[in-house]
file structure-v8.tsv (TSV, C-alpha atoms)
chain	number	residue	atom	x	y	z
L	1	MET	CA	93.93	25.84	-55.67
L	2	ARG	CA	96.45	23.79	-53.72
L	3	THR	CA	95.17	25.36	-50.49
L	4	ARG	CA	91.60	24.40	-51.34
L	5	LEU	CA	92.64	20.86	-52.08
L	6	THR	CA	94.54	20.66	-48.81
L	7	VAL	CA	91.53	21.95	-46.87
L	8	ALA	CA	89.24	19.49	-48.65
L	9	ALA	CA	91.63	16.60	-47.96
L	10	THR	CA	91.84	17.61	-44.31
L	11	ILE	CA	88.05	17.66	-43.99
L	12	VAL	CA	87.68	14.25	-45.65
L	13	THR	CA	90.42	12.78	-43.46
L	14	THR	CA	88.87	14.25	-40.32
L	15	LEU	CA	85.44	12.85	-41.23
L	16	ALA	CA	86.94	9.44	-41.94
L	17	ILE	CA	88.62	9.38	-38.54
L	18	CYS	CA	85.64	10.75	-36.65
L	19	ALA	CA	82.86	8.77	-38.34
L	20	PRO	CA	83.40	5.49	-36.46
L	21	ARG	CA	83.58	7.41	-33.18
L	22	ALA	CA	80.35	9.24	-34.02
L	23	MET	CA	78.64	5.92	-34.78
L	24	ALA	CA	79.99	4.38	-31.64
L	25	GLN	CA	78.68	7.17	-29.45
L	26	THR	CA	75.06	6.51	-30.30
L	27	TRP	CA	72.89	4.48	-27.93
L	28	GLY	CA	70.95	1.27	-28.30
L	29	PHE	CA	72.38	-0.21	-31.50
L	30	PRO	CA	69.98	-3.06	-32.53
L	31	GLY	CA	72.38	-4.93	-34.82
L	32	LEU	CA	73.48	-4.67	-38.44
L	33	SER	CA	71.03	-4.89	-41.30
L	34	ASN	CA	71.79	-7.64	-43.81
L	35	ASP	CA	73.20	-5.10	-46.27
L	36	ALA	CA	75.39	-3.40	-43.67
L	37	PHE	CA	76.66	-6.78	-42.48
L	38	ALA	CA	77.58	-7.83	-46.01
L	39	ALA	CA	79.37	-4.54	-46.63
L	40	ILE	CA	81.95	-5.06	-43.87
L	41	ALA	CA	85.10	-6.55	-45.42
L	42	ALA	CA	88.02	-8.35	-43.77
L	43	GLY	CA	89.77	-5.03	-43.21
L	44	GLY	CA	93.36	-6.20	-43.21
L	45	PRO	CA	95.25	-8.84	-41.24
L	46	ALA	CA	94.03	-10.07	-37.89
L	47	PRO	CA	95.85	-8.78	-34.82
L	48	GLN	CA	97.52	-11.47	-32.75
L	49	ARG	CA	95.74	-13.06	-29.80
L	50	ASP	CA	93.13	-10.35	-29.69
L	51	LEU	CA	89.35	-10.78	-29.77
L	52	THR	CA	88.58	-7.54	-27.96
L	53	GLY	CA	85.73	-5.46	-29.25
L	54	GLU	CA	82.11	-5.46	-30.31
L	55	TRP	CA	81.02	-8.15	-32.75
L	56	ASP	CA	77.77	-8.74	-34.67
L	57	PRO	CA	76.80	-12.26	-35.85
L	58	GLY	CA	74.19	-10.76	-38.23
L	59	GLY	CA	71.04	-12.48	-39.41
L	60	ALA	CA	72.59	-15.96	-39.42
L	61	GLY	CA	73.34	-15.53	-35.73
L	62	ILE	CA	69.69	-14.96	-34.93
L	63	ALA	CA	68.84	-18.28	-36.65
L	64	GLY	CA	65.64	-20.09	-35.73
L	65	GLY	CA	64.49	-20.41	-39.32
L	66	ASP	CA	64.27	-23.57	-41.39
L	67	ASN	CA	67.59	-22.76	-43.07
L	68	TYR	CA	69.40	-23.17	-39.80
L	69	PHE	CA	68.00	-26.64	-39.10
L	70	THR	CA	68.29	-27.99	-42.65
L	71	GLY	CA	71.86	-26.73	-42.91
L	72	ARG	CA	73.07	-28.13	-39.63
L	73	ASN	CA	73.19	-31.87	-40.34
L	74	THR	CA	72.05	-32.87	-36.86
L	75	PRO	CA	72.91	-36.52	-36.17
L	76	PRO	CA	70.27	-39.10	-35.17
L	77	LEU	CA	69.17	-39.05	-31.57
L	78	THR	CA	69.88	-41.92	-29.20
L	79	PRO	CA	66.88	-43.64	-27.55
L	80	LEU	CA	67.33	-41.30	-24.57
L	81	GLY	CA	67.50	-38.34	-26.95
L	82	GLN	CA	64.29	-39.41	-28.64
L	83	GLN	CA	62.61	-39.71	-25.27
L	84	MET	CA	63.82	-36.24	-24.28
L	85	VAL	CA	62.83	-34.53	-27.54
L	86	SER	CA	59.33	-36.03	-27.37
L	87	ARG	CA	58.66	-33.82	-24.34
L	88	ASN	CA	59.68	-30.64	-26.16
L	89	ARG	CA	57.23	-28.55	-28.18
L	90	PRO	CA	59.32	-25.87	-29.90
L	91	GLY	CA	58.38	-23.01	-32.18
L	92	HIS	CA	60.92	-23.84	-34.85
L	93	GLY	CA	62.40	-26.76	-36.74
L	94	PRO	CA	61.14	-30.26	-37.51
L	95	TYR	CA	59.51	-30.71	-34.09
L	96	SER	CA	57.50	-27.46	-34.29
L	97	ALA	CA	54.27	-27.33	-32.30
L	98	LYS	CA	51.30	-24.99	-32.60
L	99	VAL	CA	51.97	-21.65	-31.01
L	100	TYR	CA	49.44	-22.27	-28.20
L	101	ASP	CA	51.04	-25.64	-27.44
L	102	GLY	CA	54.65	-24.46	-27.24
L	103	ASN	CA	56.74	-25.11	-24.14
L	104	ASP	CA	60.02	-23.45	-25.11
L	105	PRO	CA	61.57	-22.58	-21.74
L	106	LEU	CA	63.03	-19.34	-23.14
L	107	THR	CA	60.11	-17.98	-25.17
L	108	THR	CA	57.20	-19.25	-23.09
L	109	GLN	CA	58.62	-19.07	-19.55
L	110	GLY	CA	61.44	-16.56	-19.69
L	111	ASP	CA	64.14	-19.04	-18.62
L	112	PRO	CA	67.73	-18.17	-19.57
L	113	SER	CA	68.96	-19.32	-22.99
L	114	GLY	CA	71.78	-21.18	-21.33
L	115	PHE	CA	74.80	-22.42	-23.22
L	116	PRO	CA	75.18	-23.32	-26.07
L	117	ARG	CA	71.73	-22.01	-27.01
L	118	ILE	CA	73.01	-18.45	-26.51
L	119	VAL	CA	75.21	-18.93	-29.61
L	120	ASN	CA	72.71	-21.05	-31.56
L	121	TYR	CA	69.63	-18.85	-31.35
L	122	GLU	CA	69.11	-15.10	-30.90
L	123	PHE	CA	72.87	-14.76	-31.09
L	124	ARG	CA	72.93	-10.97	-31.21
L	125	PRO	CA	75.82	-8.48	-30.91
L	126	ILE	CA	78.41	-9.33	-28.26
L	127	ARG	CA	81.21	-7.52	-26.51
L	128	ILE	CA	84.46	-9.40	-25.82
L	129	VAL	CA	86.81	-8.23	-23.09
L	130	GLN	CA	90.21	-9.81	-22.47
L	131	THR	CA	91.81	-9.69	-19.05
L	132	PRO	CA	95.05	-11.36	-17.87
L	133	LYS	CA	93.12	-14.31	-16.42
L	134	ALA	CA	89.96	-14.56	-18.46
L	135	VAL	CA	88.06	-13.66	-21.59
L	136	LEU	CA	84.62	-12.19	-20.92
L	137	ILE	CA	81.86	-12.52	-23.48
L	138	MET	CA	78.96	-10.15	-22.90
L	139	TYR	CA	75.83	-10.95	-24.88
L	140	SER	CA	73.37	-8.19	-25.74
L	141	PHE	CA	70.63	-10.80	-25.87
L	142	ASN	CA	69.22	-11.07	-22.37
L	143	GLN	CA	72.14	-8.99	-21.02
L	144	THR	CA	74.08	-12.16	-20.23
L	145	TRP	CA	77.78	-12.80	-19.80
L	146	ARG	CA	80.16	-15.75	-19.67
L	147	ILE	CA	83.62	-15.98	-18.16
L	148	ILE	CA	86.14	-18.04	-20.08
L	149	TRP	CA	89.02	-18.72	-17.70
L	150	THR	CA	92.47	-18.59	-19.30
L	151	ASP	CA	94.56	-18.92	-16.13
L	152	GLY	CA	95.35	-22.58	-16.66
L	153	ARG	CA	92.72	-24.09	-14.40
L	154	LYS	CA	91.19	-27.43	-15.36
L	155	LEU	CA	87.51	-28.00	-16.02
L	156	PRO	CA	85.65	-29.35	-12.98
L	157	GLU	CA	85.21	-33.13	-12.97
L	158	ASP	CA	81.78	-33.40	-11.34
L	159	PRO	CA	80.28	-29.92	-11.48
L	160	ASP	CA	76.91	-28.78	-10.22
L	161	PRO	CA	74.97	-28.03	-13.41
L	162	ARG	CA	74.71	-24.35	-14.39
L	163	TRP	CA	72.73	-22.53	-17.07
L	164	PHE	CA	75.96	-21.49	-18.82
L	165	GLY	CA	78.30	-24.21	-17.62
L	166	TYR	CA	82.01	-23.92	-16.81
L	167	SER	CA	84.44	-22.68	-19.47
L	168	VAL	CA	88.19	-22.60	-19.98
L	169	GLY	CA	90.01	-21.19	-23.00
L	170	ARG	CA	93.41	-21.29	-24.67
L	171	TRP	CA	95.09	-19.87	-27.76
L	172	GLU	CA	95.68	-22.65	-30.26
L	173	ASP	CA	97.63	-20.26	-32.47
L	174	ASN	CA	97.87	-16.48	-32.76
L	175	THR	CA	94.40	-16.09	-34.29
L	176	THR	CA	92.46	-19.08	-32.93
L	177	PHE	CA	90.98	-19.12	-29.43
L	178	VAL	CA	89.50	-22.44	-28.31
L	179	VAL	CA	86.96	-22.72	-25.49
L	180	ASP	CA	85.84	-25.95	-23.79
L	181	THR	CA	82.68	-25.96	-21.71
L	182	VAL	CA	81.02	-28.58	-19.47
L	183	GLY	CA	78.41	-28.71	-16.72
L	184	MET	CA	75.29	-27.31	-18.42
L	185	THR	CA	71.90	-28.05	-16.89
L	186	ASP	CA	69.73	-30.30	-19.04
L	187	ARG	CA	66.81	-27.93	-18.47
L	188	THR	CA	67.95	-25.93	-21.49
L	189	TRP	CA	67.60	-26.73	-25.17
L	190	ILE	CA	70.55	-26.35	-27.51
L	191	ASP	CA	68.48	-24.21	-29.93
L	192	SER	CA	64.93	-23.07	-30.66
L	193	GLY	CA	64.08	-26.44	-32.26
L	194	GLY	CA	63.67	-28.28	-28.97
L	195	TYR	CA	66.84	-30.33	-29.41
L	196	PRO	CA	67.78	-31.56	-25.94
L	197	HIS	CA	71.06	-32.30	-24.22
L	198	SER	CA	72.20	-34.18	-21.16
L	199	ASP	CA	74.42	-33.05	-18.32
L	200	ALA	CA	77.25	-35.00	-19.99
L	201	MET	CA	77.39	-32.63	-22.96
L	202	ARG	CA	80.73	-31.08	-23.81
L	203	VAL	CA	80.92	-28.10	-26.13
L	204	GLN	CA	83.92	-26.68	-27.94
L	205	GLU	CA	83.95	-23.20	-29.49
L	206	ARG	CA	86.65	-22.11	-31.90
L	207	TYR	CA	86.98	-18.36	-32.45
L	208	HIS	CA	89.17	-17.81	-35.49
L	209	ARG	CA	89.96	-14.20	-36.33
L	210	THR	CA	90.42	-14.21	-40.08
L	211	GLY	CA	90.87	-10.48	-40.45
L	212	MET	CA	90.73	-7.18	-38.62
L	213	ASN	CA	86.94	-7.10	-38.96
L	214	VAL	CA	85.94	-10.75	-39.12
L	215	LEU	CA	85.78	-13.44	-36.46
L	216	GLU	CA	84.55	-16.93	-37.36
L	217	LEU	CA	82.86	-19.15	-34.79
L	218	THR	CA	82.61	-22.94	-34.99
L	219	VAL	CA	80.70	-24.76	-32.24
L	220	THR	CA	80.99	-28.53	-31.78
L	221	ILE	CA	78.55	-30.39	-29.53
L	222	ASP	CA	79.49	-33.78	-28.13
L	223	ASP	CA	76.79	-35.48	-26.08
L	224	PRO	CA	76.93	-39.27	-26.54
L	225	LYS	CA	73.96	-39.80	-24.22
L	226	VAL	CA	71.68	-37.86	-26.59
L	227	TYR	CA	73.31	-37.75	-30.05
L	228	THR	CA	74.89	-40.62	-31.97
L	229	ARG	CA	77.92	-38.56	-32.93
L	230	PRO	CA	79.39	-35.09	-32.33
L	231	PHE	CA	78.16	-32.35	-34.64
L	232	GLN	CA	78.66	-28.68	-35.40
L	233	SER	CA	75.86	-26.33	-34.47
L	234	ARG	CA	77.87	-23.46	-36.00
L	235	ASP	CA	80.32	-23.89	-38.83
L	236	ARG	CA	82.56	-20.85	-39.33
L	237	LEU	CA	79.75	-18.42	-38.57
L	238	PRO	CA	81.16	-14.96	-39.40
L	239	LEU	CA	80.92	-12.17	-36.84
L	240	LYS	CA	81.63	-8.64	-38.08
L	241	ARG	CA	83.42	-6.03	-35.98
L	242	LEU	CA	81.42	-2.99	-34.91
L	243	PRO	CA	82.90	0.44	-34.07
L	244	ASP	CA	84.62	0.54	-30.70
L	245	GLY	CA	82.29	1.59	-27.92
L	246	THR	CA	79.05	0.62	-29.63
L	247	ASP	CA	76.20	0.62	-27.12
L	248	PHE	CA	73.74	-2.22	-27.67
L	249	LEU	CA	69.98	-2.25	-27.59
L	250	GLU	CA	68.67	-3.96	-24.48
L	251	GLN	CA	66.83	-7.10	-25.53
L	252	VAL	CA	65.64	-8.98	-22.47
L	253	TYR	CA	63.07	-11.78	-22.54
L	254	ALA	CA	61.50	-10.86	-19.22
L	255	ALA	CA	59.19	-13.53	-17.82
L	256	SER	CA	56.32	-11.03	-17.45
L	257	GLU	CA	56.57	-9.98	-21.11
L	258	VAL	CA	56.90	-13.55	-22.33
L	259	ARG	CA	53.80	-14.44	-20.30
L	260	GLU	CA	51.83	-11.53	-21.76
L	261	PHE	CA	52.41	-12.71	-25.32
L	262	LYS	CA	51.51	-16.26	-24.35
L	263	THR	CA	48.25	-15.42	-22.60
L	264	ASP	CA	47.06	-12.52	-24.77
L	265	VAL	CA	48.08	-13.78	-28.21
L	266	ALA	CA	49.41	-17.35	-28.34
L	267	ASP	CA	46.78	-18.96	-26.12
L	268	GLN	CA	44.01	-17.20	-28.04
L	269	THR	CA	44.96	-19.03	-31.23
L	270	ARG	CA	43.82	-22.38	-29.83
L	271	THR	CA	41.04	-23.75	-32.03
L	272	PRO	CA	38.05	-25.26	-30.18
P	1	MET	CA	38.80	11.18	-64.05
P	2	ARG	CA	36.82	8.76	-61.90
P	3	LYS	CA	38.25	5.83	-63.88
P	4	THR	CA	41.79	7.10	-63.34
P	5	LEU	CA	41.14	7.50	-59.61
P	6	MET	CA	39.73	3.98	-59.37
P	7	SER	CA	42.74	2.57	-61.21
P	8	ALA	CA	45.07	4.40	-58.89
P	9	LEU	CA	43.24	3.04	-55.85
P	10	VAL	CA	43.39	-0.51	-57.20
P	11	VAL	CA	47.12	-0.20	-57.90
P	12	ALA	CA	47.68	1.29	-54.45
P	13	GLY	CA	45.74	-1.56	-52.89
P	14	ILE	CA	47.75	-4.18	-54.76
P	15	LEU	CA	51.01	-2.50	-53.77
P	16	PHE	CA	49.88	-2.29	-50.15
P	17	LEU	CA	48.94	-5.96	-50.01
P	18	SER	CA	52.07	-7.14	-51.81
P	19	GLN	CA	54.57	-5.52	-49.43
P	20	PRO	CA	56.96	-7.93	-47.76
P	21	GLY	CA	55.75	-8.44	-44.26
P	22	VAL	CA	57.12	-9.12	-40.85
P	23	MET	CA	58.77	-12.48	-40.49
P	24	LEU	CA	57.25	-14.70	-37.88
P	25	ALA	CA	60.09	-14.73	-35.42
P	26	HIS	CA	58.71	-17.47	-33.24
P	27	HIS	CA	56.30	-20.23	-32.78
P	28	GLY	CA	54.21	-22.35	-35.12
P	29	ALA	CA	53.40	-20.08	-38.03
P	30	ALA	CA	50.72	-22.59	-39.11
P	31	THR	CA	48.57	-21.30	-36.27
P	32	PHE	CA	48.08	-18.07	-38.18
P	33	ASP	CA	46.31	-17.79	-41.52
P	34	THR	CA	49.04	-16.89	-43.95
P	35	GLU	CA	46.77	-17.54	-46.94
P	36	ASN	CA	43.99	-15.15	-45.96
P	37	GLU	CA	45.49	-11.95	-44.65
P	38	ILE	CA	43.02	-9.29	-43.64
P	39	THR	CA	43.13	-5.52	-43.32
P	40	VAL	CA	41.57	-3.91	-40.26
P	41	LYS	CA	41.14	-0.24	-39.39
P	42	GLY	CA	40.94	0.89	-35.83
P	43	THR	CA	42.15	3.02	-32.96
P	44	VAL	CA	45.20	2.18	-30.90
P	45	THR	CA	44.50	1.47	-27.24
P	46	GLU	CA	48.00	0.31	-26.22
P	47	TRP	CA	51.43	-0.31	-27.72
P	48	THR	CA	53.64	-2.66	-25.75
P	49	TRP	CA	57.36	-2.55	-26.55
P	50	SER	CA	58.36	-6.02	-25.42
P	51	ASN	CA	59.95	-9.36	-26.19
P	52	PRO	CA	59.68	-11.83	-27.76
P	53	HIS	CA	56.99	-9.84	-29.58
P	54	CYS	CA	55.79	-6.25	-29.43
P	55	ILE	CA	52.00	-6.12	-29.11
P	56	LEU	CA	49.65	-3.52	-30.62
P	57	ARG	CA	46.14	-3.38	-29.17
P	58	VAL	CA	43.52	-1.78	-31.36
P	59	ASP	CA	39.77	-1.22	-31.07
P	60	VAL	CA	38.17	-2.34	-34.33
P	61	LYS	CA	34.50	-1.95	-35.22
P	62	ASP	CA	32.99	-5.03	-36.86
P	63	ALA	CA	30.43	-4.85	-39.68
P	64	ASP	CA	27.59	-5.05	-37.13
P	65	GLY	CA	29.01	-2.18	-35.11
P	66	THR	CA	30.48	-4.31	-32.35
P	67	VAL	CA	33.87	-3.09	-31.16
P	68	ARG	CA	36.47	-5.75	-30.47
P	69	ASN	CA	39.92	-5.13	-29.08
P	70	TRP	CA	42.52	-6.85	-31.23
P	71	ALA	CA	45.94	-7.87	-29.89
P	72	VAL	CA	48.29	-8.16	-32.83
P	73	ALA	CA	51.99	-8.89	-32.56
P	74	THR	CA	55.09	-8.06	-34.49
P	75	SER	CA	58.64	-9.29	-33.99
P	76	ASN	CA	61.01	-8.54	-31.09
P	77	VAL	CA	62.35	-5.09	-30.25
P	78	ALA	CA	65.72	-5.60	-31.95
P	79	ASP	CA	64.30	-6.77	-35.26
P	80	VAL	CA	61.66	-4.06	-35.52
P	81	SER	CA	64.15	-1.40	-34.41
P	82	LYS	CA	66.23	-2.27	-37.44
P	83	ARG	CA	63.16	-1.53	-39.57
P	84	GLY	CA	62.44	1.85	-38.02
P	85	TRP	CA	59.88	0.97	-35.36
P	86	SER	CA	60.29	2.37	-31.85
P	87	ARG	CA	58.73	2.50	-28.43
P	88	ARG	CA	57.08	5.74	-29.61
P	89	SER	CA	55.70	4.43	-32.92
P	90	PHE	CA	52.11	4.47	-31.63
P	91	ALA	CA	50.12	6.28	-28.99
P	92	ALA	CA	46.66	5.57	-27.66
P	93	GLY	CA	44.12	7.19	-29.94
P	94	ASP	CA	46.14	6.85	-33.16
P	95	ALA	CA	44.16	5.75	-36.20
P	96	VAL	CA	45.83	2.79	-37.91
P	97	THR	CA	45.25	0.42	-40.80
P	98	ILE	CA	46.85	-2.98	-40.21
P	99	LEU	CA	47.50	-5.88	-42.54
P	100	ILE	CA	47.23	-8.99	-40.38
P	101	GLN	CA	47.68	-12.72	-40.54
P	102	PRO	CA	44.78	-13.57	-38.27
P	103	ALA	CA	44.55	-16.55	-35.93
P	104	LYS	CA	42.68	-19.45	-37.45
P	105	SER	CA	40.73	-19.72	-34.19
P	106	GLY	CA	38.73	-16.61	-35.05
P	107	ALA	CA	39.90	-14.78	-31.91
P	108	PRO	CA	40.89	-11.13	-32.47
P	109	VAL	CA	44.61	-11.84	-32.48
P	110	GLY	CA	47.20	-12.18	-35.20
P	111	MET	CA	50.60	-11.31	-36.52
P	112	ILE	CA	51.22	-7.91	-38.10
P	113	LYS	CA	52.41	-7.73	-41.69
P	114	ASN	CA	52.41	-3.94	-41.78
P	115	VAL	CA	50.78	-0.90	-40.23
P	116	MET	CA	49.74	2.33	-41.96
P	117	LEU	CA	49.45	5.45	-39.82
P	118	ALA	CA	47.01	8.26	-40.52
P	119	ASP	CA	49.79	10.40	-42.04
P	120	GLY	CA	50.62	7.66	-44.55
P	121	THR	CA	53.71	6.37	-42.74
P	122	LYS	CA	53.99	2.62	-43.14
P	123	LEU	CA	55.83	0.33	-40.74
P	124	GLN	CA	56.54	-3.25	-41.69
call {"tool": "encode", "arguments": {"input": "structure-v8.tsv", "output": "structure tokens"}}
result
Amino acid sequence: MRTRLTVAATIVTTLAICAPRAMAQTWGFPGLSNDAFAAIAAGGPAPQRDLTGEWDPGGAGIAGGDNYFTGRNTPPLTPLGQQMVSRNRPGHGPYSAKVYDGNDPLTTQGDPSGFPRIVNYEFRPIRIVQTPKAVLIMYSFNQTWRIIWTDGRKLPEDPDPRWFGYSVGRWEDNTTFVVDTVGMTDRTWIDSGGYPHSDAMRVQERYHRTGMNVLELTVTIDDPKVYTRPFQSRDRLPLKRLPDGTDFLEQVYAASEVREFKTDVADQTRTP
Amino acid sequence: MRKTLMSALVVAGILFLSQPGVMLAHHGAATFDTENEITVKGTVTEWTWSNPHCILRVDVKDADGTVRNWAVATSNVADVSKRGWSRRSFAAGDAVTILIQPAKSGAPVGMIKNVMLADGTKLQ
């Protein structure tokens, strides 16, 4: 009897150890379902100064729905901001346009999301890699990456604008990593709602690891040219840890595919 | 017997039409007729696994016998993958029954709520 119990316990233990590896060795993981996301608990204390691994922001990361915009408390736009937003015809939020009239640079032209849109919309599973001089964030959405320099360099003072800007990071304490980013081109929107930004925008991300399996992201946008006060586009958004080595589904918004939907479906909805 | 069969068909129809559908992932949902969904039957001509929307093209015969090629879209590849769709969900020649939110323009385009395959498999 004792032998049988021992064998059974060994099998259960082996399965428990091997299960995450088996999951991780599959290909093309599309992201957690809502139920699977909710089922992942904190999983014990957070390791110190370690964000390494695969993380899933779940359904709230994808955003784009009305809940995201109503919950965000976006401040009033400045006169320049109002002028800029009047040119944008998004698919979501209070400025939504008809589908045939949309001019979202990402979903109608295949432009890059840029930063901070990459964390405000279609924020899908990411992989974080820490090196001695930088933290790399690799986004499954559009197969995009960012380099967060941690080698002590200062942010550039008059940078040429880039889609994803210039980022430096530091550990505020053993579980909180803070990233400051400047120099984003004003060709991008900050979300799918057509909210604009200027080249003076500064963005701060706070990655707070609250447990072994949970990382919370807060994003603060400060752009006095466009918004009357700083605001948070993400407020402690939880990311859940995936098994080590998870391979992500490729989700690229290729310009040719974006164009096909626009011409063959969206444009056909125009009423005479 | 006939009455029982009719009742079963009515119940099946109600269940089919009341299934939760595909969320409109992008772009001005008001462009599509969410109040008057329609069901079309046809033959797949092409299935495009793409972003921001996968597109299913289907030949559908109208009441007067005219065949029109519909282009109906679902969500992006990640979202539909989570719900069991794949690049191989459809092949040209497959018979399908599709619940659609059609465009208000009257053009043969729309957003897919769900698709029933000939073997009874339903994707939504």
call {"tool": "residues_around", "arguments": {"input": "structure-v8.tsv", "residues": "range 99-108 of chain P", "least_positions_apart": "3", "cutoff": "9 Å", "atoms": "only C-alpha atoms", "output": "short mmCIF file (atom, residue, chain, number, x, y, z; two decimals) with C-alpha atoms, keeping the file's coordinate frame"}}
result
data_model
loop_
_atom_site.label_atom_id
_atom_site.label_comp_id
_atom_site.auth_asym_id
_atom_site.auth_seq_id
_atom_site.Cartn_x
_atom_site.Cartn_y
_atom_site.Cartn_z
CA VAL L 265 48.08 -13.78 -28.21
CA GLN L 268 44.01 -17.20 -28.04
CA THR L 269 44.96 -19.03 -31.23
CA ARG L 270 43.82 -22.38 -29.83
CA THR L 271 41.04 -23.75 -32.03
CA PRO L 272 38.05 -25.26 -30.18
CA PHE P 16 49.88 -2.29 -50.15
CA LEU P 17 48.94 -5.96 -50.01
CA GLY P 21 55.75 -8.44 -44.26
CA ALA P 30 50.72 -22.59 -39.11
CA THR P 31 48.57 -21.30 -36.27
CA PHE P 32 48.08 -18.07 -38.18
CA ASP P 33 46.31 -17.79 -41.52
CA THR P 34 49.04 -16.89 -43.95
CA GLU P 35 46.77 -17.54 -46.94
CA ASN P 36 43.99 -15.15 -45.96
CA GLU P 37 45.49 -11.95 -44.65
CA ILE P 38 43.02 -9.29 -43.64
CA THR P 39 43.13 -5.52 -43.32
CA VAL P 40 41.57 -3.91 -40.26
CA ARG P 68 36.47 -5.75 -30.47
CA ASN P 69 39.92 -5.13 -29.08
CA TRP P 70 42.52 -6.85 -31.23
CA ALA P 71 45.94 -7.87 -29.89
CA VAL P 72 48.29 -8.16 -32.83
CA MET P 111 50.60 -11.31 -36.52
CA ILE P 112 51.22 -7.91 -38.10
CA LYS P 113 52.41 -7.73 -41.69
CA ASN P 114 52.41 -3.94 -41.78
CA VAL P 115 50.78 -0.90 -40.23
CA MET P 116 49.74 2.33 -41.96
#
call {"tool": "residues_around", "arguments": {"input": "structure-v8.tsv", "residues": "Asn73 in chain L", "least_positions_apart": "3", "cutoff": "9 Å", "atoms": "all atoms listed in the file", "output": "list in words"}}
result
Phe69, Thr70, Phe231, Gln232 and Ser233 of chain L
call {"tool": "closest_residue", "arguments": {"input": "structure-v8.tsv", "among": "P:Asp94, P:Asp64, P:Asp119, P:Asp79", "to": "chain L", "atoms": "only C-alpha atoms"}}
result
P:Asp79
call {"tool": "residues_around", "arguments": {"input": "structure-v8.tsv", "residues": "Lys133 in chain L", "least_positions_apart": "5", "cutoff": "8 Å", "atoms": "only C-alpha atoms", "output": "ChimeraX atom specification"}}
result
/L:149-151
call {"tool": "closest_atom_pairs", "arguments": {"input": "structure-v8.tsv", "of": "chain L", "to": "chain P", "cutoff": "8 Å", "atoms": "all atoms listed in the file", "output": "CSV"}}
result
residue,atom,partner,partner_atom,distance
L:Pro30,CA,P:Ala78,CA,5.0
L:Gly31,CA,P:Lys82,CA,7.2
L:Leu32,CA,P:Lys82,CA,7.7
L:Ser33,CA,P:Lys82,CA,6.7
L:Gly64,CA,P:Ala25,CA,7.7
L:Pro90,CA,P:His27,CA,7.0
L:Gly91,CA,P:His27,CA,3.5
L:His92,CA,P:His27,CA,6.2
L:Ser96,CA,P:Gly28,CA,6.1
L:Ala97,CA,P:Gly28,CA,5.7
L:Lys98,CA,P:Gly28,CA,4.7
L:Val99,CA,P:Gly28,CA,4.7
L:Gly102,CA,P:His27,CA,7.2
L:Thr107,CA,P:Pro52,CA,6.7
L:Leu249,CA,P:Ala78,CA,7.0
L:Gln251,CA,P:Ala78,CA,6.7
L:Val252,CA,P:Asn51,CA,6.8
L:Tyr253,CA,P:Asn51,CA,5.4
L:Ala254,CA,P:Asn51,CA,7.3
L:Glu257,CA,P:Ser50,CA,6.1
L:Val258,CA,P:Pro52,CA,6.3
L:Phe261,CA,P:His53,CA,6.9
L:Asp264,CA,P:Ala71,CA,7.0
L:Val265,CA,P:Val109,CA,5.8
L:Gln268,CA,P:Ala107,CA,6.1
L:Thr269,CA,P:Ser105,CA,5.2
L:Arg270,CA,P:Ser105,CA,6.0
L:Thr271,CA,P:Ser105,CA,4.6
L:Pro272,CA,P:Ser105,CA,7.3
call {"tool": "atom_distance", "arguments": {"input": "structure-v8.tsv", "atom1": "CA of Arg49 in chain L", "atom2": "CA of Arg209 in chain L"}}
result
8.8 Å
call {"tool": "residues_around", "arguments": {"input": "structure-v8.tsv", "residues": "range 188-203 of chain L", "least_positions_apart": "6", "cutoff": "7 Å", "atoms": "only C-alpha atoms", "output": "list in words"}}
result
Gly64, Gly81, Met84, Val85, Asn88, Arg89, Pro90, Gly91, His92, Gly93, Tyr95, Ser96, Ser113, Gly114, Pro116, Arg117, Asn120, Tyr121, Asp180, Thr181, Val182, Val219, Thr220, Ile221, Asp222, Asp223, Lys225 and Val226 of chain L
call {"tool": "write_last_selection", "arguments": {"input": "structure-v8.tsv", "atoms": "C-alpha atoms", "output": "compact mmCIF listing (two decimals), in the frame of the given file"}}
result
# COMPACT_ATOMS: atom_id res chain seq x y z
CA GLY L 64 65.64 -20.09 -35.73
CA GLY L 81 67.50 -38.34 -26.95
CA MET L 84 63.82 -36.24 -24.28
CA VAL L 85 62.83 -34.53 -27.54
CA ASN L 88 59.68 -30.64 -26.16
CA ARG L 89 57.23 -28.55 -28.18
CA PRO L 90 59.32 -25.87 -29.90
CA GLY L 91 58.38 -23.01 -32.18
CA HIS L 92 60.92 -23.84 -34.85
CA GLY L 93 62.40 -26.76 -36.74
CA TYR L 95 59.51 -30.71 -34.09
CA SER L 96 57.50 -27.46 -34.29
CA SER L 113 68.96 -19.32 -22.99
CA GLY L 114 71.78 -21.18 -21.33
CA PRO L 116 75.18 -23.32 -26.07
CA ARG L 117 71.73 -22.01 -27.01
CA ASN L 120 72.71 -21.05 -31.56
CA TYR L 121 69.63 -18.85 -31.35
CA ASP L 180 85.84 -25.95 -23.79
CA THR L 181 82.68 -25.96 -21.71
CA VAL L 182 81.02 -28.58 -19.47
CA VAL L 219 80.70 -24.76 -32.24
CA THR L 220 80.99 -28.53 -31.78
CA ILE L 221 78.55 -30.39 -29.53
CA ASP L 222 79.49 -33.78 -28.13
CA ASP L 223 76.79 -35.48 -26.08
CA LYS L 225 73.96 -39.80 -24.22
CA VAL L 226 71.68 -37.86 -26.59
call {"tool": "atom_distance", "arguments": {"input": "structure-v8.tsv", "atom1": "CA of Val178 in chain L", "atom2": "CA of Asp66 in chain L"}}
result
28.4 Å
